[in-house]
Structures are given as C-alpha cells and as structure tokens.
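Each remark here refers to the structure printed beneath this line.
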Amino acid sequence: MRLLYLYLDFTKDGSRPEGDRGYRQCELNFGTRDVYTLERISAENPRFCLKQTKRTQRDRIESGFWGDERIYNISAVVGENGMGKSTLLNAITRVLKVLYTDFLAKPEPYFVCLMQDTEGTLHLIYFWQGAEIETANFSCQKTAYSLRNVPVKAMQKTKLVYFSNTISISDMEQYDSLRSWGQEIYADPMYNCSLLASMMRAQNSSGTNAKRQPLDKRALEQQLYTYFMLESYQETRYLFDRNQRNILRDMREKGYPVPFPRELKLRIRLAVEHLETVLKDCHDPAFRDRFEQWKDRYNQFRRQSNNQYRIIVELILNCVANFLETAGSYVSREDIQKLKFPENFDSMPDYLQMMRSVFSPRQHPELENTYETCKRYLEFLWNNNEHIRNYWRPQKNRVYTIALGDYPDPILQELMTRFLNFNRSVSNADYFVTYHWGLSSGESVLLRIFTKLWYLLSGNPYDEESTGNITPRAAKKAALARREEIIENRTGDCDSVILFLDEADLSLHPEWQRLFVAVLAEYLPRLYRNPYYEGADSGCRDIQIILTTHSPLMLGDFPSSAVLYLKKDKGGCVAVECSALQPFGQNLYTLLKDGFYLKNGTIGGLAQKKIKQVLADINRIREMQEEKRAKGLCMDDSQIAEWKALLECHQEKTVKYISEGILRSKLEEEISVALAAMMEGRDRENKERKKQALKEDIARLQRQLEELERGEEEPS
C-alpha cells in the first residue's frame with residue numbers, strides 16, 4: 001500500500017484545538033503524480049468532495065527517481081523548531097494504525113485517507129462522524145470507517161515502521177495504545193522502533209529477574225543496562241549475518257558511509273562476582289566456608305594464564321550463575337545451599353552436576369527446559385574451545401578482541417553466529433558478555449536503524465544450531481545455505497513497507513546527513529527483496545519513507561513536491577504548504593534561508609551578535625562625529641583614544657576570526673574608515689589650534705612692532 005493523501009481534522013467541531021501544537025485542519029499529499037484537495041460542498045452538513053489534480057511535468061516524480069523502482073516516494077517534513085513535526089508524524093501513524101483493527105475506541109483526529117495497493121487500486125478510507133465523502137474525476141473503493149467495520153484487507157499486507165531518536169510522552173502514549181490492543185510492539189500493526197519502545201522491549205524480552213523485584217520495580221540503572229546489552233546483542237547478531245555483511249561491504253565499496261567494523265571487542269563478566277551476587281542470600285556459615293574455599297581454588301586456577309579452558313570456564317560459570325538465579329524462584333534457600341561446587345575445573349560434567357545439585361526434575365519440572373538450554377550452551381563452548389581460543393585474542397580485564405577484516409573466516413562466522421544465539425538464550429536479564437564495536441555516534445545511529453529493519457525479517461536460520469565442533473565442511477555448508485526469509489507479519493505475507501523517521505538527522509555528521517537519503521534508497525531494496533527469496537511467489541514491492549528533519553544537507557536530495565513545509569498562519573495555528581523553493585541540488589545558503597525559515601540570518605547566533613555590535617559601535621562613532629561637526633566642535637583626545645581602543649578591540653576579538661570573504665573585508669574597511677575619520681578630525685582640530693596659536697602670535701608680534709614703532713617716533 002502507498003499513502004497518497006491524508007486529511008486530518010483536529011478540531012472535531014471547528015473550534016480552535018488546545019493540543020497537537022495548535023493544528024486545526026491539515027492536508028498532506030505524499031503522492032508522486034497527483035495532488036488531492038478536499039473541498040466542503042455543503043455548509044449545513046459535513047459533505048465533502050475529494051478532487052484530483054495532475055502534477056505539472058516539473059513537479060511529477062518519475063518512477064525510479066529514488067534509484068530502485070520499488071521505492072515509491074520519500075517525503076520530508078520540515079519547518080521551524082517547535083512547529084509540530086513530531087506531533088504530525090505521530091498523528092499520521094495513529095491514523096494508519098486504525099486501519100488495521102476493528103476494535104478501537106473513537107480515533108482522533110477525524111481523517112480522510114487515500115491509499116493505493118500494489119495492484120494500482122485506490123482505497124478511500126475515512127472516519128468522520130456523519131460525513132459523506134465524494135470523489136471527483138477519479139474512481140476508488142470507499143470505506144466509511146466505524147467501530148463495526150472490518151479493516152481494509154489490503155492494508156494487512158503493509159508493514160508500518162516507526163523510528164524516533166528522541167523520547168517523549170507521545171512515544172509512551174503510542175506504546176500504551178499498542179499494548180492496550182494486545183499487540184506486540186515489534187509485530188502488527190506497527191514495528192515500533194522508538195527509543196522508548198526499544199527499552200520496553202528489552203525488559204519484556206528479558207523476563208523477570210528471579211529472586212529480584214518485578215521489572216517495573218527494578219532499579220533504573222539495571223533496566224538501562226538490560227536495554228543497552230540487548231541492543232548490542234542485536235547489532236552484533238546483525239553484523240554477523242552473512243547477507244547483511246555482504247550488503248554493507250558492497251555499499252561501502254561504492255562510497256556509501258555504512259557501519260562496517262573490522263574488529264569486535266567482548267568483555268566477560270567476572271564469574272566469581274556474578275556467583276557472589278546470586279548467592280548473597282545464603283548465610284549458612286558452613287556453606288559460606290565451602291564457597292570461600294572453592295573461590296580461592298578457582299582464583300588460583302584463573303591466574304594460570306596458559307590454561308586452555310580459562311575463557312570457557314568464565315563463560316560456563318556465568319551461565320551457571322544465571323541458572324541458579326532462575327532456580328531461586330522455584331527452589332528453597334536450603335536447596336541452593338546444597339550447591340556442589342566443581343572439583344575439577346577442566347571437567348564439563350562437574351558443571352552439569354553443579355546445576356543438577358540444586359533441583360530435581362521430578363520436583364521442579366519447570367527448571368528442566370532451562371537446564372537443557374544451559375547444557376547445550378556448555379556443550380557448545382566445550383566442543384568449540386579450540387576455535388574460541390584461536391579467534392578470541394585476550395587483552396586486559398577479561399576483554400577479548402576478534403579481528404574480522406573485510407571477509408571473516410567462515411569458521412569464525414559460524415562460531416559467532418551460534419555463540420550469539422546460545423549466549424542470548426541463557427542470558428535472561430543478566431548479560432555476562434558485552435559487545436563493543438568502537439563505532440562513532442553517527443555509525444551507531446545507522447547501525448541501529450539497519451538492525452531494527454533487519455529484525456523485521458524472519459525465516460529459517462543459516463545454521464542448524466548444532467553444539468558440536470564446527471568443521472570447515474560445516475562452515476562452508478552454512479555459508480552456502482539459503483535463507484528463505486520474509487517480513488514478519490500477522491498475515492504471513494507483506495508486500496509493502498512504510499517507514500517513518502522522526503528527527504532523522506540527529507547525531508549524524510554533516511557529510512552523513514548529506515548522504516543519508518542516498519544510503520536509505522540504496523539499502524532498503526537490498527534488504528527487502530522481491531521476491532523475498534529465490535522461488536518465493538511474493539515479496540516487498542513497495543517502499544515509502546516519510547521523515548522529519550532540520551538538516552538542509554538532507555533536504556538537498558528532495559524535489560519540491562516531496563517536501564511538506566509547516567508554517568503558522570495568522571491565527572497562530574499550523575498549516576502545511578508547498579514552497580516555490582526547488583531544494584533538489586540547491587545550494588546550502590538558499591536551503592537555510594528559504595527551506596527552514598531563518599528570519600535572523602544564516603550564521604551562528606554568537607557570531608551574529610558580535611558582528612552586530614561592531615557595526616553598532618561604528619555607527620555610533622559616525623553619529624557622534626556628525627553631531628559635533630554640526631555644532632562646530634571636535635572630539636577631544638580622551639574620546640578619540642576611547643573609541644580607537646574599542647575599534648581595535650573589535651578587530652582583535654571578532655573580525656580577525658571571520659573567514660576570508662566579503663563580510664570580513666567590509667568590516668575591516670568600515671573600521672579603517674572610522675579610525676581615519678577620527679584621526680582626520682583630530683588633525684583638523686590640531687591644524688585649527690595651530691592656526692589660532694599662530695594668529696595669536698602674529699597679533700602679539702604686531703602689537704610689539706607697533707609699540708616699537710611708536711617708541712622710535714618719540715624725540716631723542
């Protein structure tokens with residue numbers, strides 16, 4: 001399904017709305033070839049006509065413009081800060097979610113929605129109490145949505161994906177609305193990838209910590225730790241996926257900035273500390289003595305740097321600690337204190353016996369599956385000990401480095417794929433292995449987006465999850481395995497994706513902002529293939545993206561008809577309008593000035609303030625000079641010295657830092673002219689003073705001469 005047009009009415013009764021950033025009515029066109037307009041044809045009752053107008057040849061976006069023909073359109077929502085871009089995007093997703101279900105309270109706002117399925121059929125769906133919607137000069141299937149209506153069937157094949165790089169109350173409301181429907185936040189009707197939803201997902205997928213508080217009462221620090229650890233696991237699982245790494249490598253070779261790390265660092269939690277945390281409630285003196293004695297022997301074993309089982313034992317004991325924590329919810333403290341510590345650290349049966357010593361399958365059958373999961377993990381580690389020691393290079397403080405390069409070794413690829421899955425299955429909410437890729441914040445943003453989009457896919461795994469030793473033959477077989485994956489959907493099929501990205505440019509370097517749209521347009525068709533796999537009878541045939549941004553660099557990739565500008569009207573309410581600006585290929589200055597409504601210039605606020613102060617002081621000097629000149633006065637030496645020092649200070653603290661160009665040259669010229677004018681005034685004043693002094697000298701000498709002459713005329 002493609003979203004072509006959406007009309008939203010936030011007022012219901014025509015009054016000024018109190019919320020939603022002051023929105024009243026909002027008309028949005030996302031289509032590539034036509035513009036739709038809703039007109040009221042009756043003043044007495046809500047009767048409307050939806051009209052279709054063909055776009056001009058220049059405004060029409062041709063098929064394949066964005067690269068792959070399956071990308072229908074990419075639309076950008078821009079405007080002043082606080083205008084309500086996020087609010088609008090949230091309202092759009094609320095409306096589209098309505099189309100999935102026949103069980104929902106009154107949706108807000110009222111809406112008129114026009115969509116087109118992959119077969120080309122138009123669907124007009126609206127919810128407007130008592131309204132009638134007619135169509136002019138085009139035909140479509142109409143559905144007047146109500147609580148009794150069955151959802152639009154074609155909509156069920158569309159996956160909505162929502163990203164937000166911020167946390168807001170609207171994200172919580174959106175999460176709560178999905179939960180109230182009994183929907184999984186990563187499933188239907190929307191794949192919610194907001195930061196808040198991802199945090200809640202991390203908690204829910206990890207389960208309740210045994211012998212601890214319920215999830216909603218766990219310490220915030222611990223909840224955040226669980227979130228970041230699950231995110232790092234998902235990203236690592238993504239980067240070890242064979243198809244995805246091939247896609248990233250190919251895109252990188254073509255010049256796209258994509259996260260393509262060549263090294264992974266793993267850090268293993270200190271097993272003794274983990275066990276102490278789990279066993280802290282066991283206060284029996286005899287048990288504590290046994291534990292302390294065993295701990296001393298284990299620390300001695302761990303200090304043997306040449307021991308071949310050192311890494312494996314750390315992982316195994318952490319797994320056992322997690323098992324004991326889970327068992328603590330089902331067995332008594334006395335049962336836990338029967339724990340049998342391993343006598344031989346180089347013997348896997350001792351660790352199995354350690355777990356079996358605290359529970360009986362007959363008395364506690366609920367622990368049998370957990371035990372079997374941990375057992376498989378231990379078997380995998382033990383059987384692949386040589387591979388782990390070969391590829392994991394020890395550093396300091398239980399940190400291990402894994403070199404990947406451009407083409408990871410097939411055995412390493414298979415080893416890490418299985419390890420990640422096994423390790424995740426025994427982690428619950430206590431992750432004892434953390435993964436670090438050393439990526440920049442911008443790379444991490446893209447990696448998070450790619451990972452979440454990849455998790456939409458489901459299908460058979462590449463490997464058989466075997467616990468046995470990975471042989472070259474098994475690694476080669478896994479590398480050649482075909483993954484028959486599809487986009488996970490309630491109907492089992494999905495033919496289109498609509499991706500919403502709020503604040504898409506956050507945390508991205510300017511160069512990455514400039515390439516962001518190109519990266520998405522290149523990546524998404526590679527990820528969501530058509531058909532999904534060789535031999536499949538269906539696939540993702542339509543991809544549509546709607547994003548909000550503050551970045552003029554990102555806006556430079558959009559034709560004018562793909563940009564929706566938000567602007568406040570005279571009543572203070574927000575309206576959506578098109579602009580005469582042609583952003584595609586436009587220079588940065590014009591995009592800043594016209595595309596983002598910068599009323600106060602396009603330079604930094606501090607720079608603007610300092611430059612304005614320089615000009616203000618120059619104008620004050622001119623005004624003072626003109627005033628004194630009109631009165632026949634001149635500036636005295638103290639005034640001239642004061643203003644000269646001020647202008648020289650501006651030159652040293654402001655002008656010299658401005659880059660070479662017209663602005664700096666003009667300011668330097670103005671300062672020079674002002675200084676010259678002051679010096680000229682001083683010279684003119686000095687000249688007048690000298691002339692006056694000379695005139696006085698002349699007058700004095702004349703008097704003396706006259707006195708002498710009169711004296712000579714007297715009788716001798």
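How things are named: the first chain in the structure tokens is A, the next is B, and so on; residues count from 1 in each chain; ligands count from 1 in the order shown.
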
Using only C-alpha atoms, determine which residues lie at most 12 Å from Leu378 in chain A, disregarding the query and same-chain residues fewer than 2 positions distant; provide the list as a PyMOL selection string.
chain A and resi 312-320+347-352+355+371-376+380-385+419+422-423+425-426+467-468

Which polymer residues have any atom within 10 Å of an atom of Pro531 in chain A, counting only C-alpha atoms, with same-chain residues fewer than 4 positions away left out, as an MDAnalysis selection string?
chainID A and resid 485:486 495 535:541

For Asn192 in chain A, which of A:Leu453, A:Met155, A:Ala403, A:Ile411 is the closest residue, counting only C-alpha atoms?
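Looking at the shortest contact to Asn192 in chain A, the residue is A:Leu453.
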
Between CA of Leu520 in chain A and CA of Arg242 in chain A lies a distance of 19.7 Å

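Between CA of Leu439 in chain A and CA of Trp512 in chain A lies a distance of 13.9 Å.
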
Polymer residues at most 9 Å from Ala521 in chain A, only C-alpha atoms, same-chain spacing of 2 or more positions, as a list in words
Trp66, Gly67, Asp68, Ile71, Ile74, Phe516, Val517, Ala518, Val519, Tyr523, Leu524 and Pro525 of chain A

Could you save those same residues with C-alpha atoms as a CSV table (one decimal), in the first residue's frame?
chain,number,residue,atom,x,y,z
A,66,TRP,CA,15.0,7.4,-6.0
A,67,GLY,CA,17.0,4.6,-7.5
A,68,ASP,CA,15.2,1.3,-7.2
A,71,ILE,CA,10.9,3.0,-3.7
A,74,ILE,CA,10.5,9.7,0.1
A,516,PHE,CA,21.5,9.7,4.4
A,517,VAL,CA,18.7,9.6,1.9
A,518,ALA,CA,21.0,8.0,-0.7
A,519,VAL,CA,22.0,5.4,1.8
A,523,TYR,CA,19.9,-0.2,1.4
A,524,LEU,CA,16.2,-0.8,1.7
A,525,PRO,CA,15.6,-2.5,-1.6

Strand (DSSP E or B) positions in range 26-89 of chain A, given as a ChimeraX atom specification
/A:26-29,34-42,47-54,71-79

Please produce an output containing N, CA and C atoms for each residue in the selection, written as a PDB file, in the first residue's frame.
ATOM      1  N   CYS A  26      -5.383  19.761   8.539  1.00  0.00           N
ATOM      2  CA  CYS A  26      -4.078  19.530   7.925  1.00  0.00           C
ATOM      3  C   CYS A  26      -4.267  18.652   6.690  1.00  0.00           C
ATOM      4  N   GLU A  27      -3.760  19.084   5.561  1.00  0.00           N
ATOM      5  CA  GLU A  27      -3.905  18.352   4.304  1.00  0.00           C
ATOM      6  C   GLU A  27      -2.526  17.988   3.787  1.00  0.00           C
ATOM      7  N   LEU A  28      -2.280  16.703   3.626  1.00  0.00           N
ATOM      8  CA  LEU A  28      -0.951  16.207   3.290  1.00  0.00           C
ATOM      9  C   LEU A  28      -1.001  15.393   2.013  1.00  0.00           C
ATOM     10  N   ASN A  29      -0.137  15.730   1.066  1.00  0.00           N
ATOM     11  CA  ASN A  29      -0.030  14.984  -0.185  1.00  0.00           C
ATOM     12  C   ASN A  29       1.325  14.297  -0.247  1.00  0.00           C
ATOM     13  N   ASP A  34      -0.119  13.000  -8.583  1.00  0.00           N
ATOM     14  CA  ASP A  34      -1.357  13.755  -8.432  1.00  0.00           C
ATOM     15  C   ASP A  34      -1.370  14.496  -7.106  1.00  0.00           C
ATOM     16  N   VAL A  35      -2.151  15.575  -7.085  1.00  0.00           N
ATOM     17  CA  VAL A  35      -2.401  16.337  -5.866  1.00  0.00           C
ATOM     18  C   VAL A  35      -3.889  16.231  -5.562  1.00  0.00           C
ATOM     19  N   TYR A  36      -4.224  15.962  -4.298  1.00  0.00           N
ATOM     20  CA  TYR A  36      -5.619  15.799  -3.892  1.00  0.00           C
ATOM     21  C   TYR A  36      -6.002  16.928  -2.943  1.00  0.00           C
ATOM     22  N   THR A  37      -7.230  17.417  -3.113  1.00  0.00           N
ATOM     23  CA  THR A  37      -7.741  18.522  -2.311  1.00  0.00           C
ATOM     24  C   THR A  37      -9.151  18.198  -1.851  1.00  0.00           C
ATOM     25  N   LEU A  38      -9.416  18.382  -0.566  1.00  0.00           N
ATOM     26  CA  LEU A  38     -10.738  18.132  -0.017  1.00  0.00           C
ATOM     27  C   LEU A  38     -11.491  19.454   0.097  1.00  0.00           C
ATOM     28  N   GLU A  39     -12.654  19.506  -0.536  1.00  0.00           N
ATOM     29  CA  GLU A  39     -13.462  20.724  -0.525  1.00  0.00           C
ATOM     30  C   GLU A  39     -14.827  20.428   0.076  1.00  0.00           C
ATOM     31  N   ARG A  40     -15.306  21.365   0.890  1.00  0.00           N
ATOM     32  CA  ARG A  40     -16.630  21.215   1.501  1.00  0.00           C
ATOM     33  C   ARG A  40     -17.684  21.688   0.506  1.00  0.00           C
ATOM     34  N   ILE A  41     -18.708  20.864   0.287  1.00  0.00           N
ATOM     35  CA  ILE A  41     -19.729  21.216  -0.698  1.00  0.00           C
ATOM     36  C   ILE A  41     -21.072  21.504  -0.042  1.00  0.00           C
ATOM     37  N   SER A  42     -21.131  21.444   1.272  1.00  0.00           N
ATOM     38  CA  SER A  42     -22.376  21.755   1.972  1.00  0.00           C
ATOM     39  C   SER A  42     -22.043  22.429   3.290  1.00  0.00           C
ATOM     40  N   ARG A  47     -20.495  17.396   4.116  1.00  0.00           N
ATOM     41  CA  ARG A  47     -20.380  16.757   2.807  1.00  0.00           C
ATOM     42  C   ARG A  47     -19.160  17.343   2.108  1.00  0.00           C
ATOM     43  N   PHE A  48     -18.287  16.458   1.635  1.00  0.00           N
ATOM     44  CA  PHE A  48     -17.023  16.888   1.046  1.00  0.00           C
ATOM     45  C   PHE A  48     -16.823  16.220  -0.304  1.00  0.00           C
ATOM     46  N   CYS A  49     -15.973  16.841  -1.082  1.00  0.00           N
ATOM     47  CA  CYS A  49     -15.586  16.271  -2.373  1.00  0.00           C
ATOM     48  C   CYS A  49     -14.068  16.252  -2.455  1.00  0.00           C
ATOM     49  N   LEU A  50     -13.510  15.086  -2.730  1.00  0.00           N
ATOM     50  CA  LEU A  50     -12.068  14.944  -2.889  1.00  0.00           C
ATOM     51  C   LEU A  50     -11.731  15.038  -4.374  1.00  0.00           C
ATOM     52  N   LYS A  51     -10.937  16.054  -4.727  1.00  0.00           N
ATOM     53  CA  LYS A  51     -10.612  16.306  -6.129  1.00  0.00           C
ATOM     54  C   LYS A  51      -9.165  15.930  -6.420  1.00  0.00           C
ATOM     55  N   GLN A  52      -8.963  15.461  -7.618  1.00  0.00           N
ATOM     56  CA  GLN A  52      -7.634  15.042  -8.068  1.00  0.00           C
ATOM     57  C   GLN A  52      -7.131  15.998  -9.140  1.00  0.00           C
ATOM     58  N   THR A  53      -5.907  16.470  -8.977  1.00  0.00           N
ATOM     59  CA  THR A  53      -5.281  17.353  -9.958  1.00  0.00           C
ATOM     60  C   THR A  53      -3.928  16.777 -10.350  1.00  0.00           C
ATOM     61  N   LYS A  54      -3.668  16.711 -11.635  1.00  0.00           N
ATOM     62  CA  LYS A  54      -2.388  16.190 -12.101  1.00  0.00           C
ATOM     63  C   LYS A  54      -1.266  17.164 -11.774  1.00  0.00           C
ATOM     64  N   ILE A  71      11.019   1.850  -4.620  1.00  0.00           N
ATOM     65  CA  ILE A  71      10.869   2.972  -3.691  1.00  0.00           C
ATOM     66  C   ILE A  71       9.893   3.949  -4.318  1.00  0.00           C
ATOM     67  N   TYR A  72       8.673   3.948  -3.797  1.00  0.00           N
ATOM     68  CA  TYR A  72       7.627   4.773  -4.390  1.00  0.00           C
ATOM     69  C   TYR A  72       7.926   6.258  -4.205  1.00  0.00           C
ATOM     70  N   ASN A  73       8.184   6.669  -2.960  1.00  0.00           N
ATOM     71  CA  ASN A  73       8.462   8.080  -2.708  1.00  0.00           C
ATOM     72  C   ASN A  73       9.122   8.227  -1.348  1.00  0.00           C
ATOM     73  N   ILE A  74       9.902   9.315  -1.209  1.00  0.00           N
ATOM     74  CA  ILE A  74      10.486   9.705   0.070  1.00  0.00           C
ATOM     75  C   ILE A  74      10.056  11.142   0.319  1.00  0.00           C
ATOM     76  N   SER A  75       9.332  11.379   1.396  1.00  0.00           N
ATOM     77  CA  SER A  75       8.794  12.707   1.699  1.00  0.00           C
ATOM     78  C   SER A  75       9.467  13.269   2.940  1.00  0.00           C
ATOM     79  N   ALA A  76       9.760  14.579   2.917  1.00  0.00           N
ATOM     80  CA  ALA A  76      10.386  15.253   4.054  1.00  0.00           C
ATOM     81  C   ALA A  76       9.424  16.274   4.630  1.00  0.00           C
ATOM     82  N   VAL A  77       9.304  16.295   5.960  1.00  0.00           N
ATOM     83  CA  VAL A  77       8.505  17.290   6.670  1.00  0.00           C
ATOM     84  C   VAL A  77       9.470  18.222   7.382  1.00  0.00           C
ATOM     85  N   VAL A  78       9.426  19.524   7.044  1.00  0.00           N
ATOM     86  CA  VAL A  78      10.359  20.492   7.617  1.00  0.00           C
ATOM     87  C   VAL A  78       9.575  21.688   8.137  1.00  0.00           C
ATOM     88  N   GLY A  79      10.259  22.571   8.841  1.00  0.00           N
ATOM     89  CA  GLY A  79       9.625  23.761   9.384  1.00  0.00           C
ATOM     90  C   GLY A  79      10.391  24.278  10.577  1.00  0.00           C
TER      91      GLY A  79
END
